[in-house]
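run28.tsv follows; it contains TSV, C-alpha atoms and all ligand atoms.
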chain	number	residue	atom	x	y	z
A	1	MET	CA	-68.64	-2.24	-7.67
A	2	SER	CA	-70.51	-5.45	-6.97
A	3	VAL	CA	-73.22	-7.22	-8.99
A	4	LYS	CA	-76.24	-8.58	-7.10
A	5	GLU	CA	-77.75	-11.77	-8.50
A	6	GLU	CA	-80.60	-13.01	-6.29
A	7	ASN	CA	-78.79	-13.53	-2.96
A	8	LEU	CA	-75.39	-13.90	-4.47
A	9	VAL	CA	-73.00	-10.98	-4.39
A	10	ILE	CA	-70.28	-11.30	-7.00
A	11	THR	CA	-67.42	-8.90	-6.63
A	12	PRO	CA	-65.73	-8.57	-10.01
A	13	LYS	CA	-62.00	-9.07	-9.84
A	14	THR	CA	-60.40	-5.64	-10.08
A	15	GLU	CA	-58.32	-5.18	-13.19
A	16	PRO	CA	-54.61	-5.01	-12.47
A	17	ARG	CA	-53.22	-1.49	-12.66
A	18	HIS	CA	-51.07	-0.97	-15.75
A	19	VAL	CA	-48.16	1.48	-15.58
A	20	LYS	CA	-45.38	2.35	-17.99
A	21	LEU	CA	-42.66	2.08	-15.39
A	22	LEU	CA	-42.65	0.45	-11.99
A	23	VAL	CA	-39.84	1.07	-9.53
A	24	LEU	CA	-39.36	-1.30	-6.59
A	25	GLY	CA	-37.66	0.23	-3.57
A	26	SER	CA	-37.46	3.66	-1.93
A	27	GLY	CA	-33.75	3.98	-1.19
A	28	PRO	CA	-31.52	6.43	-3.10
A	29	ALA	CA	-31.52	4.18	-6.21
A	30	GLY	CA	-35.31	3.84	-6.39
A	31	LEU	CA	-36.05	7.49	-5.67
A	32	ALA	CA	-33.43	8.77	-8.13
A	33	ALA	CA	-34.89	6.42	-10.76
A	34	ALA	CA	-38.39	7.75	-10.03
A	35	LEU	CA	-37.14	11.35	-10.35
A	36	TYR	CA	-35.51	10.76	-13.73
A	37	ALA	CA	-38.44	8.71	-15.02
A	38	ALA	CA	-40.91	11.36	-13.86
A	39	ARG	CA	-38.96	14.06	-15.67
A	40	ALA	CA	-39.13	11.87	-18.79
A	41	GLU	CA	-42.94	11.96	-18.34
A	42	LEU	CA	-43.27	8.23	-17.69
A	43	ALA	CA	-45.46	8.84	-14.60
A	44	PRO	CA	-43.56	6.13	-12.71
A	45	LEU	CA	-45.12	4.24	-9.83
A	46	LEU	CA	-42.71	3.51	-6.98
A	47	LEU	CA	-43.48	0.89	-4.34
A	48	THR	CA	-41.56	1.79	-1.20
A	49	GLY	CA	-41.13	-1.66	0.37
A	50	THR	CA	-41.21	-1.92	4.15
A	51	GLU	CA	-38.12	0.20	4.76
A	52	LEU	CA	-39.07	3.69	3.67
A	53	GLY	CA	-35.98	5.51	2.42
A	54	GLY	CA	-33.96	2.27	2.42
A	55	GLN	CA	-30.86	1.78	4.53
A	56	ALA	CA	-29.76	5.38	4.00
A	57	ALA	CA	-32.75	6.52	6.06
A	58	LEU	CA	-31.33	4.64	9.05
A	59	THR	CA	-28.09	6.61	8.93
A	60	PHE	CA	-27.97	9.50	11.38
A	61	SER	CA	-25.80	11.75	9.26
A	62	ILE	CA	-24.56	11.28	5.71
A	63	GLU	CA	-21.41	13.31	5.29
A	64	ASN	CA	-20.30	12.22	1.84
A	65	TYR	CA	-23.32	12.96	-0.33
A	66	PRO	CA	-22.30	15.87	-2.56
A	67	GLY	CA	-24.14	19.14	-2.05
A	68	PHE	CA	-24.40	18.91	1.74
A	69	PRO	CA	-21.14	20.31	3.17
A	70	GLN	CA	-22.44	20.00	6.75
A	71	GLY	CA	-23.86	16.50	6.19
A	72	VAL	CA	-27.52	15.59	5.97
A	73	GLY	CA	-29.72	13.23	8.01
A	74	GLY	CA	-30.38	9.97	6.15
A	75	ALA	CA	-34.15	10.18	6.61
A	76	ASP	CA	-34.12	13.88	5.63
A	77	LEU	CA	-32.26	13.10	2.42
A	78	GLY	CA	-34.79	10.38	1.58
A	79	GLU	CA	-37.65	12.84	2.10
A	80	LEU	CA	-35.96	15.40	-0.15
A	81	PHE	CA	-35.46	12.75	-2.86
A	82	GLN	CA	-39.12	11.77	-2.60
A	83	LYS	CA	-40.43	15.36	-2.73
A	84	GLN	CA	-38.31	16.07	-5.79
A	85	ALA	CA	-39.55	12.95	-7.60
A	86	GLU	CA	-43.18	13.69	-6.69
A	87	ARG	CA	-42.86	17.28	-7.88
A	88	PHE	CA	-42.40	15.92	-11.41
A	89	GLY	CA	-45.22	13.38	-11.20
A	90	ALA	CA	-43.79	10.24	-9.62
A	91	GLN	CA	-46.32	8.33	-7.55
A	92	VAL	CA	-44.86	6.91	-4.35
A	93	GLU	CA	-46.95	4.25	-2.60
A	94	PHE	CA	-46.27	2.50	0.70
A	95	ASP	CA	-46.59	-1.02	-0.65
A	96	THR	CA	-44.42	-4.11	-0.97
A	97	ALA	CA	-44.04	-6.40	-3.99
A	98	TYR	CA	-43.69	-10.09	-3.18
A	99	SER	CA	-43.72	-11.91	-6.52
A	100	VAL	CA	-42.90	-11.14	-10.14
A	101	ASP	CA	-43.52	-12.77	-13.49
A	102	LEU	CA	-40.96	-11.51	-15.99
A	103	SER	CA	-41.65	-14.16	-18.65
A	104	THR	CA	-43.86	-11.87	-20.75
A	105	ARG	CA	-44.43	-8.15	-21.17
A	106	PRO	CA	-46.04	-6.30	-19.56
A	107	PHE	CA	-44.28	-7.69	-16.50
A	108	LYS	CA	-46.57	-8.83	-13.70
A	109	VAL	CA	-45.85	-7.81	-10.14
A	110	VAL	CA	-47.96	-8.90	-7.19
A	111	ALA	CA	-47.88	-6.46	-4.29
A	112	ASP	CA	-49.80	-6.22	-1.00
A	113	SER	CA	-52.31	-3.91	-2.71
A	114	GLY	CA	-52.89	-6.23	-5.70
A	115	GLU	CA	-51.52	-7.07	-9.11
A	116	LEU	CA	-49.65	-4.59	-11.26
A	117	LEU	CA	-48.62	-4.66	-14.91
A	118	SER	CA	-45.61	-2.71	-16.01
A	119	ASP	CA	-44.03	-2.10	-19.42
A	120	ALA	CA	-40.62	-1.65	-17.82
A	121	LEU	CA	-39.30	-2.41	-14.36
A	122	ILE	CA	-36.50	-1.01	-12.19
A	123	VAL	CA	-35.45	-3.20	-9.29
A	124	ALA	CA	-33.97	-1.15	-6.46
A	125	THR	CA	-34.81	-3.42	-3.54
A	126	GLY	CA	-31.55	-2.79	-1.67
A	127	ALA	CA	-29.97	-4.98	0.94
A	128	SER	CA	-30.51	-6.06	4.57
A	129	PRO	CA	-28.10	-6.48	7.49
A	130	ILE	CA	-26.35	-9.84	7.85
A	131	HIS	CA	-26.81	-11.62	11.18
A	132	LEU	CA	-24.06	-13.35	13.14
A	133	ASN	CA	-26.22	-16.45	13.58
A	134	ILE	CA	-24.93	-17.17	17.07
A	135	PRO	CA	-26.90	-18.49	20.06
A	136	GLY	CA	-29.00	-15.78	21.73
A	137	GLU	CA	-28.92	-13.37	18.76
A	138	THR	CA	-32.51	-13.90	17.66
A	139	GLU	CA	-33.83	-14.17	21.23
A	140	GLN	CA	-32.13	-10.92	22.28
A	141	THR	CA	-33.11	-8.88	19.20
A	142	GLY	CA	-35.13	-5.95	20.52
A	143	LYS	CA	-33.92	-6.66	24.08
A	144	GLY	CA	-30.39	-5.41	23.51
A	145	VAL	CA	-29.37	-6.70	20.09
A	146	SER	CA	-29.78	-4.22	17.22
A	147	TYR	CA	-28.70	-3.64	13.63
A	148	CYS	CA	-29.40	0.11	13.66
A	149	ALA	CA	-27.75	2.62	15.99
A	150	THR	CA	-29.87	5.50	14.71
A	151	CYS	CA	-33.02	3.58	15.55
A	152	ASP	CA	-32.01	2.17	18.94
A	153	GLY	CA	-29.03	4.18	20.24
A	154	TRP	CA	-31.20	6.38	22.43
A	155	PHE	CA	-32.21	3.37	24.58
A	156	PHE	CA	-28.60	2.96	25.69
A	157	LYS	CA	-28.10	6.25	27.50
A	158	ASP	CA	-25.23	5.83	30.00
A	159	LYS	CA	-25.06	2.10	29.21
A	160	LYS	CA	-22.24	-0.09	27.94
A	161	VAL	CA	-22.58	-1.32	24.37
A	162	VAL	CA	-20.66	-3.63	22.08
A	163	VAL	CA	-20.25	-3.12	18.33
A	164	VAL	CA	-19.32	-5.99	16.01
A	165	GLY	CA	-17.45	-5.34	12.73
A	166	GLY	CA	-14.51	-3.37	11.39
A	167	GLY	CA	-16.01	-1.66	8.33
A	168	ASP	CA	-17.36	1.87	7.75
A	169	SER	CA	-20.77	0.95	9.18
A	170	ALA	CA	-19.34	-0.40	12.44
A	171	LEU	CA	-17.23	2.71	13.06
A	172	GLU	CA	-19.77	5.25	11.87
A	173	GLU	CA	-22.53	3.71	13.95
A	174	GLY	CA	-20.14	3.15	16.86
A	175	LEU	CA	-19.23	6.85	16.84
A	176	PHE	CA	-22.91	7.72	16.75
A	177	LEU	CA	-23.49	5.49	19.81
A	178	THR	CA	-20.91	7.48	21.83
A	179	ARG	CA	-23.56	10.23	22.05
A	180	TYR	CA	-25.55	8.02	24.39
A	181	ALA	CA	-23.52	5.09	25.67
A	182	SER	CA	-20.96	5.36	28.45
A	183	SER	CA	-18.64	3.09	26.47
A	184	VAL	CA	-18.58	1.51	23.01
A	185	THR	CA	-16.40	-1.58	22.64
A	186	VAL	CA	-15.75	-2.71	19.08
A	187	PHE	CA	-15.07	-6.42	18.60
A	188	HIS	CA	-13.27	-7.08	15.34
A	189	ARG	CA	-12.16	-10.45	14.01
A	190	ARG	CA	-8.83	-9.14	12.71
A	191	ASP	CA	-6.26	-6.65	14.02
A	192	SER	CA	-6.77	-4.03	11.30
A	193	LEU	CA	-9.89	-2.17	10.30
A	194	ARG	CA	-11.57	-2.23	6.91
A	195	ALA	CA	-13.13	1.23	7.38
A	196	GLY	CA	-11.88	4.38	5.60
A	197	ALA	CA	-8.98	6.34	7.09
A	198	VAL	CA	-11.02	9.34	8.33
A	199	LEU	CA	-13.47	7.18	10.28
A	200	GLN	CA	-10.66	5.01	11.63
A	201	LYS	CA	-8.80	8.01	13.01
A	202	ARG	CA	-11.93	9.44	14.60
A	203	ALA	CA	-12.94	6.13	16.17
A	204	LEU	CA	-9.48	5.14	17.40
A	205	GLU	CA	-9.02	8.56	19.03
A	206	HIS	CA	-12.48	8.74	20.61
A	207	PRO	CA	-12.21	8.51	24.42
A	208	LYS	CA	-15.39	6.40	24.73
A	209	MET	CA	-14.39	3.86	22.08
A	210	LYS	CA	-12.36	0.75	22.84
A	211	PHE	CA	-11.23	-2.03	20.50
A	212	VAL	CA	-10.91	-5.75	21.09
A	213	TRP	CA	-8.92	-7.29	18.22
A	214	ASN	CA	-8.89	-10.79	16.72
A	215	THR	CA	-12.03	-11.64	18.64
A	216	VAL	CA	-15.45	-12.94	17.60
A	217	LEU	CA	-18.72	-13.25	19.47
A	218	THR	CA	-19.88	-16.81	20.05
A	219	GLY	CA	-23.09	-16.09	21.94
A	220	ILE	CA	-25.33	-13.43	23.46
A	221	VAL	CA	-26.51	-13.90	27.02
A	222	GLY	CA	-29.58	-12.38	28.66
A	223	GLY	CA	-33.19	-12.72	29.66
A	224	GLU	CA	-35.55	-9.76	29.49
A	225	LYS	CA	-32.47	-7.67	28.75
A	226	THR	CA	-29.08	-8.45	27.22
A	227	GLU	CA	-26.42	-8.96	29.91
A	228	ALA	CA	-23.23	-10.15	28.22
A	229	VAL	CA	-21.57	-11.55	25.13
A	230	ARG	CA	-19.50	-14.72	24.89
A	231	THR	CA	-16.24	-14.14	23.06
A	232	ARG	CA	-13.39	-16.14	21.57
A	233	ASN	CA	-9.95	-14.84	20.71
A	234	LEU	CA	-9.11	-16.29	17.29
A	235	LEU	CA	-5.34	-16.26	17.94
A	236	THR	CA	-5.25	-17.79	21.42
A	237	GLY	CA	-8.59	-19.62	21.44
A	238	GLU	CA	-9.31	-18.01	24.82
A	239	GLU	CA	-13.03	-17.83	25.64
A	240	GLY	CA	-14.53	-14.97	27.64
A	241	LEU	CA	-17.71	-13.37	28.93
A	242	PHE	CA	-17.95	-9.61	28.40
A	243	PRO	CA	-20.75	-7.80	30.27
A	244	THR	CA	-22.77	-5.38	28.10
A	245	ASP	CA	-26.24	-3.83	27.87
A	246	GLY	CA	-26.39	-3.74	24.09
A	247	VAL	CA	-24.94	-5.43	21.01
A	248	PHE	CA	-24.89	-3.60	17.68
A	249	ILE	CA	-24.03	-5.82	14.73
A	250	PHE	CA	-22.61	-4.27	11.52
A	251	ILE	CA	-20.98	-7.07	9.55
A	252	GLY	CA	-22.31	-6.28	6.09
A	253	HIS	CA	-25.45	-6.74	4.09
A	254	THR	CA	-27.17	-9.24	1.85
A	255	PRO	CA	-29.14	-8.10	-1.23
A	256	ASN	CA	-32.95	-8.28	-1.17
A	257	THR	CA	-33.25	-10.19	-4.41
A	258	GLN	CA	-34.83	-13.53	-3.40
A	259	MET	CA	-37.95	-12.67	-5.43
A	260	PHE	CA	-35.84	-12.62	-8.61
A	261	ALA	CA	-33.99	-15.91	-8.09
A	262	GLY	CA	-34.26	-18.03	-11.23
A	263	LYS	CA	-35.82	-15.08	-13.09
A	264	LEU	CA	-32.87	-12.73	-13.48
A	265	GLU	CA	-29.22	-13.65	-13.79
A	266	MET	CA	-27.45	-13.22	-10.46
A	267	GLN	CA	-23.97	-13.36	-9.01
A	268	ASP	CA	-23.61	-14.16	-5.30
A	269	GLY	CA	-27.20	-13.03	-4.78
A	270	TYR	CA	-26.68	-9.68	-6.54
A	271	ILE	CA	-28.61	-9.02	-9.76
A	272	LYS	CA	-26.17	-8.98	-12.68
A	273	VAL	CA	-26.27	-5.73	-14.64
A	274	ASP	CA	-24.17	-4.36	-17.48
A	275	ASP	CA	-22.87	-0.79	-17.46
A	276	HIS	CA	-26.28	0.43	-18.67
A	277	MET	CA	-28.09	-1.25	-15.74
A	278	ASN	CA	-29.61	-3.85	-18.09
A	279	THR	CA	-30.42	-7.15	-16.40
A	280	SER	CA	-30.71	-10.44	-18.32
A	281	ILE	CA	-34.27	-9.49	-19.36
A	282	PRO	CA	-34.83	-6.56	-21.76
A	283	GLY	CA	-36.94	-3.89	-20.09
A	284	VAL	CA	-35.88	-4.91	-16.56
A	285	TYR	CA	-33.17	-2.79	-14.92
A	286	ALA	CA	-31.53	-3.03	-11.53
A	287	ALA	CA	-29.84	-0.33	-9.48
A	288	GLY	CA	-28.33	0.25	-6.03
A	289	GLU	CA	-27.33	-2.44	-3.56
A	290	ALA	CA	-29.55	-5.12	-5.11
A	291	ALA	CA	-27.07	-5.03	-8.00
A	292	ASP	CA	-23.93	-3.54	-6.48
A	293	SER	CA	-21.69	-5.48	-4.14
A	294	HIS	CA	-18.79	-3.10	-4.58
A	295	PHE	CA	-19.48	0.63	-4.14
A	296	ARG	CA	-22.62	0.62	-1.97
A	297	GLN	CA	-22.69	4.39	-1.42
A	298	VAL	CA	-25.70	6.70	-1.44
A	299	VAL	CA	-24.24	8.65	-4.33
A	300	THR	CA	-23.40	5.57	-6.43
A	301	SER	CA	-26.81	4.02	-5.77
A	302	ALA	CA	-28.53	7.27	-6.79
A	303	GLY	CA	-26.36	7.37	-9.94
A	304	MET	CA	-27.30	3.80	-10.83
A	305	GLY	CA	-30.99	4.64	-10.31
A	306	ALA	CA	-30.74	7.65	-12.63
A	307	ALA	CA	-28.92	5.55	-15.27
A	308	ALA	CA	-31.55	2.80	-15.05
A	309	ALA	CA	-34.35	5.33	-15.57
A	310	ILE	CA	-32.60	6.87	-18.59
A	311	GLU	CA	-32.19	3.41	-20.13
A	312	ALA	CA	-35.81	2.46	-19.31
A	313	THR	CA	-36.93	5.68	-21.03
A	314	HIS	CA	-34.99	4.77	-24.21
A	315	PHE	CA	-36.34	1.21	-24.06
A	316	LEU	CA	-39.95	2.40	-23.83
A	317	GLU	CA	-39.41	4.90	-26.67
A	318	ARG	CA	-38.01	2.11	-28.89
A	319	GLU	CA	-40.86	-0.22	-27.98
A	320	THR	CA	-43.60	2.28	-28.87
A	321	VAL	CA	-42.14	3.32	-32.25
B	401	LIG	P1	-18.20	-4.23	5.14
B	401	LIG	O1	-17.35	-3.16	4.59
B	401	LIG	O2	-18.42	-5.48	4.36
B	401	LIG	O3	-17.56	-4.61	6.56
B	401	LIG	C1	-18.06	-5.68	7.30
B	401	LIG	C2	-17.19	-5.86	8.52
B	401	LIG	O4	-17.72	-6.92	9.30
B	401	LIG	C3	-15.75	-6.24	8.15
B	401	LIG	O5	-14.85	-5.58	9.00
B	401	LIG	C4	-15.74	-7.75	8.37
B	401	LIG	O6	-14.50	-8.21	8.80
B	401	LIG	C5	-16.74	-7.92	9.49
B	401	LIG	N1	-17.41	-9.23	9.45
B	401	LIG	C6	-18.05	-9.81	8.41
B	401	LIG	N2	-18.59	-10.99	8.76
B	401	LIG	C7	-18.29	-11.15	10.07
B	401	LIG	C8	-18.57	-12.16	11.02
B	401	LIG	N3	-19.29	-13.23	10.70
B	401	LIG	N4	-18.11	-11.99	12.27
B	401	LIG	C9	-17.39	-10.92	12.60
B	401	LIG	N5	-17.10	-9.92	11.76
B	401	LIG	C10	-17.54	-10.05	10.50
B	401	LIG	O7	-19.67	-3.72	5.52
B	401	LIG	P2	-20.19	-2.25	5.95
B	401	LIG	O8	-19.32	-1.67	6.99
B	401	LIG	O9	-21.64	-2.42	6.23
B	401	LIG	O10	-20.02	-1.38	4.63
B	401	LIG	C11	-20.66	-1.79	3.43
B	401	LIG	C12	-20.36	-0.80	2.32
B	401	LIG	O11	-20.99	0.44	2.63
B	401	LIG	C13	-18.87	-0.50	2.16
B	401	LIG	O12	-18.59	-0.31	0.82
B	401	LIG	C14	-18.70	0.81	2.91
B	401	LIG	O13	-17.64	1.58	2.42
B	401	LIG	C15	-20.05	1.46	2.68
B	401	LIG	N6	-20.37	2.39	3.79
B	401	LIG	C16	-19.90	3.65	3.64
B	401	LIG	C17	-20.14	4.58	4.64
B	401	LIG	C18	-19.59	5.94	4.46
B	401	LIG	O14	-18.90	6.17	3.49
B	401	LIG	N7	-19.88	6.88	5.32
B	401	LIG	C19	-20.86	4.21	5.78
B	401	LIG	C20	-21.31	2.91	5.90
B	401	LIG	C21	-21.05	1.99	4.88
B	401	LIG	P3	-13.22	-8.23	7.81
B	401	LIG	O15	-12.76	-6.81	7.74
B	401	LIG	O16	-12.27	-9.14	8.50
B	401	LIG	O17	-13.72	-8.78	6.51

Could you write out this file's structure as structure tokens?
Ligand code: NAP
Amino acid sequence: MSVKEENLVITPKTEPRHVKLLVLGSGPAGLAAALYAARAELAPLLLTGTELGGQAALTFSIENYPGFPQGVGGADLGELFQKQAERFGAQVEFDTAYSVDLSTRPFKVVADSGELLSDALIVATGASPIHLNIPGETEQTGKGVSYCATCDGWFFKDKKVVVVGGGDSALEEGLFLTRYASSVTVFHRRDSLRAGAVLQKRALEHPKMKFVWNTVLTGIVGGEKTEAVRTRNLLTGEEGLFPTDGVFIFIGHTPNTQMFAGKLEMQDGYIKVDDHMNTSIPGVYAAGEAADSHFRQVVTSAGMGAAAAIEATHFLERETV
């Protein structure tokens, strides 16, 4: 509503919205937190962030989330989580927070849609893929370089692709790429894989998958499209040029916690939590990969989200007595 004074139109500043519980992030941790908080009748507001469903939504098939013996699509699981949370009154908004003031309660959060006040806060902002930081990587992103096989695999039908990394992500995504690509060559910096035994066996036995050991990428070459990768063998020092149409990089993740630097206690960029998901500020909880550098599974993130919501519920009950 605006007030007209002579020719001057004054638009009153809209009051910040005040909620009991704000959840930041729409991955398994955030959505599980919203579900538990909704069932505790806190009417939580969840801001999704830019990656709806979090990293799990980028996974083609999740085979180790209990309750789905045949596996479940990552995006499908995210949708199910969201529907379940909304059924009990959680409000899910496509919005991103970009600054927080945790010095007083209610906590202040500034999001794209405006300012929010929250009596308690659950941070479930997840993590993002780490880049190799080699020449050509940024320039070739979207032209052949990708961090998500589910998103971009289809573009590499009958093409040769390279995968970087030796963990679960590299092998799982590499196996997914065999649906499209004519060959998937995994470059790993050591001669043994970090991935779990089941994935290792499947990948090592797959006829389309090849492995280049003890080798790192030193550059990505291309113009409008990626053409090759520069390589170096770490044992012999031998340099090479390996022709490829695509480069998929899966070398780990970094937590999305920059907004909380200097405001919450951290360790190596991860928000420090105790076993009740308490951060260094009472009333602020953290869950999922923003606070977990160890397990990083859909089921453990969802568990942390549920625990954070239970603790937030107790905190709000104590505060209102
Ligand atoms: P990760 O386990 O940290 O593995 C990263 C891989 O990248 C490692 O093999 C590492 O080599 C390599 N690497 C790191 N920096 C590198 C660099 N600069 N150049 C070349 N290689 C580099 O990461 P992730 O595979 O993304 O998995 C993260 C977590 O999610 C893990 O806990 C994993 O179990 C979990 N996850 C589980 C599933 C599943 O259960 N289905 C699927 C995906 C992820 P080194 O081995 O030499 O360190």

Kindly compile the residues surrounding ligand LIG 401 (chain B) within 10 Å, counting all atoms listed in the file, and format them as a PyMOL selection string. chain A and resi 55-56+59+61-65+128-134+163-173+187-196+198-199+214-218+249-254+289+292-299

Atom CA of A:Leu21 and atom CA of A:Lys83, how far apart in Å?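 Atom-to-atom, atom CA of A:Lys83 and atom CA of A:Leu21 are spaced 18.5 Å apart.
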
Please define a box with edges along x, y and z of the file around all atoms of stretch 150-156 of chain A given in the file, extend it by 5 Å on each side, and return its centre and edge lengths in Å to one decimal, as AutoDock Vina command-line options.
--center_x -30.8 --center_y 4.3 --center_z 20.2 --size_x 14.4 --size_y 14.2 --size_z 21.0

Point-to-point distance from atom CA of A:Ala181 to atom CA of A:Gly53, Å rounded to tenths: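 Separating atom CA of A:Ala181 from atom CA of A:Gly53 is a distance of 26.4 Å.
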
Using only C-alpha atoms, can you tell me which of A:Gly89, A:Gly283, A:Gly219, A:Gly240 comes closest to A:Tyr36? A:Gly89

Nearest residue to A:Ile281 out of A:Leu24, A:Ala37, A:Val110, A:Ala120, using all atoms listed in the file?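 Result for the nearest residue to A:Ile281: A:Ala120.
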
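Among the candidates A:Ala309, A:Ala29, A:Val162, A:Val273, the one nearest to A:Phe81 when counting all atoms listed in the file is A:Ala29.
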
Using only C-alpha atoms, find the one residue out of A:Val221, A:Ala33, A:Met259, A:Val19 that sits nearest to A:Val145.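 For A:Val145, the nearest of the candidates is A:Val221.
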
Spatial neighbours of A:Pro207, max dist 12 Å, all atoms listed in the file, sep filter under 6 positions, as a list in words: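 My list of contacting residues is Leu175, Thr178, Arg179, Ala181, Ser182, Ser183, Val184, Thr185 and Lys201 of chain A.
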
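Distances from A:Pro282, A:Gly30, A:Gly222, A:Gly262 to A:Leu45 were compared using all atoms listed in the file, and the smallest one belongs to A:Gly30.
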
With only C-alpha atoms as the counted atoms, please give the residues lying no more than 9 Å from A:Gly126, apart from itself and same-chain residues fewer than 3 positions off, as a ChimeraX atom specification. /A:25-27,29-30,54-55,123,254-257,287-291

Pick from A:Pro106, A:Asp112, A:Arg87, A:Ser99 nearest to A:Thr50, counting only C-alpha atoms: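 Nearest to A:Thr50: A:Asp112.
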
Between atom CA of A:Ala97 and atom CA of A:Glu15, distance in Å (one decimal):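 So the two atoms, atom CA of A:Ala97 and atom CA of A:Glu15, lie 17.0 Å apart.
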
List the spatial neighbours of A:Thr320 as a PyMOL selection string - criterion: any atom at most 12 Å away, all atoms listed in the file, same-chain residues fewer than 5 positions off excluded. chain A and resi 20+119+313-315

Can I get stretch 147-161 of chain A with N, CA, C and O atoms filled in, as a short mmCIF file (atom, residue, chain, number, x, y, z; two decimals), in the frame of the given file?
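Done, and the output landed in selection.cif:
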data_model
loop_
_atom_site.label_atom_id
_atom_site.label_comp_id
_atom_site.auth_asym_id
_atom_site.auth_seq_id
_atom_site.Cartn_x
_atom_site.Cartn_y
_atom_site.Cartn_z
N TYR A 147 -29.46 -3.79 14.88
CA TYR A 147 -28.70 -3.64 13.63
C TYR A 147 -28.76 -2.19 13.16
O TYR A 147 -28.43 -1.89 12.03
N CYS A 148 -29.21 -1.29 14.04
CA CYS A 148 -29.40 0.11 13.66
C CYS A 148 -29.20 1.04 14.85
O CYS A 148 -30.08 1.14 15.72
N ALA A 149 -28.04 1.72 14.87
CA ALA A 149 -27.75 2.62 15.99
C ALA A 149 -28.68 3.83 15.99
O ALA A 149 -29.12 4.29 17.03
N THR A 150 -29.00 4.33 14.79
CA THR A 150 -29.87 5.50 14.71
C THR A 150 -31.24 5.19 15.30
O THR A 150 -31.86 6.03 15.94
N CYS A 151 -31.70 3.96 15.06
CA CYS A 151 -33.02 3.58 15.55
C CYS A 151 -33.00 3.35 17.07
O CYS A 151 -33.92 3.75 17.78
N ASP A 152 -31.96 2.69 17.58
CA ASP A 152 -32.01 2.17 18.94
C ASP A 152 -31.00 2.78 19.91
O ASP A 152 -31.05 2.49 21.11
N GLY A 153 -30.09 3.63 19.40
CA GLY A 153 -29.03 4.18 20.24
C GLY A 153 -29.55 4.87 21.48
O GLY A 153 -29.01 4.71 22.58
N TRP A 154 -30.62 5.58 21.34
CA TRP A 154 -31.20 6.38 22.43
C TRP A 154 -31.51 5.53 23.67
O TRP A 154 -31.42 6.00 24.80
N PHE A 155 -31.86 4.25 23.45
CA PHE A 155 -32.21 3.37 24.58
C PHE A 155 -31.01 3.01 25.44
O PHE A 155 -31.15 2.37 26.47
N PHE A 156 -29.81 3.39 24.98
CA PHE A 156 -28.60 2.96 25.69
C PHE A 156 -27.88 4.12 26.35
O PHE A 156 -26.67 4.13 26.46
N LYS A 157 -28.67 5.09 26.82
CA LYS A 157 -28.10 6.25 27.50
C LYS A 157 -27.35 5.79 28.75
O LYS A 157 -27.92 5.04 29.57
N ASP A 158 -26.09 6.18 28.85
CA ASP A 158 -25.23 5.83 30.00
C ASP A 158 -25.05 4.33 30.19
O ASP A 158 -24.79 3.86 31.30
N LYS A 159 -25.25 3.56 29.11
CA LYS A 159 -25.06 2.10 29.21
C LYS A 159 -23.82 1.70 28.42
O LYS A 159 -23.33 2.44 27.56
N LYS A 160 -23.40 0.46 28.67
CA LYS A 160 -22.24 -0.09 27.94
C LYS A 160 -22.74 -0.84 26.72
O LYS A 160 -23.65 -1.68 26.86
N VAL A 161 -22.18 -0.56 25.56
CA VAL A 161 -22.58 -1.32 24.37
C VAL A 161 -21.36 -1.91 23.66
O VAL A 161 -20.24 -1.43 23.80
#
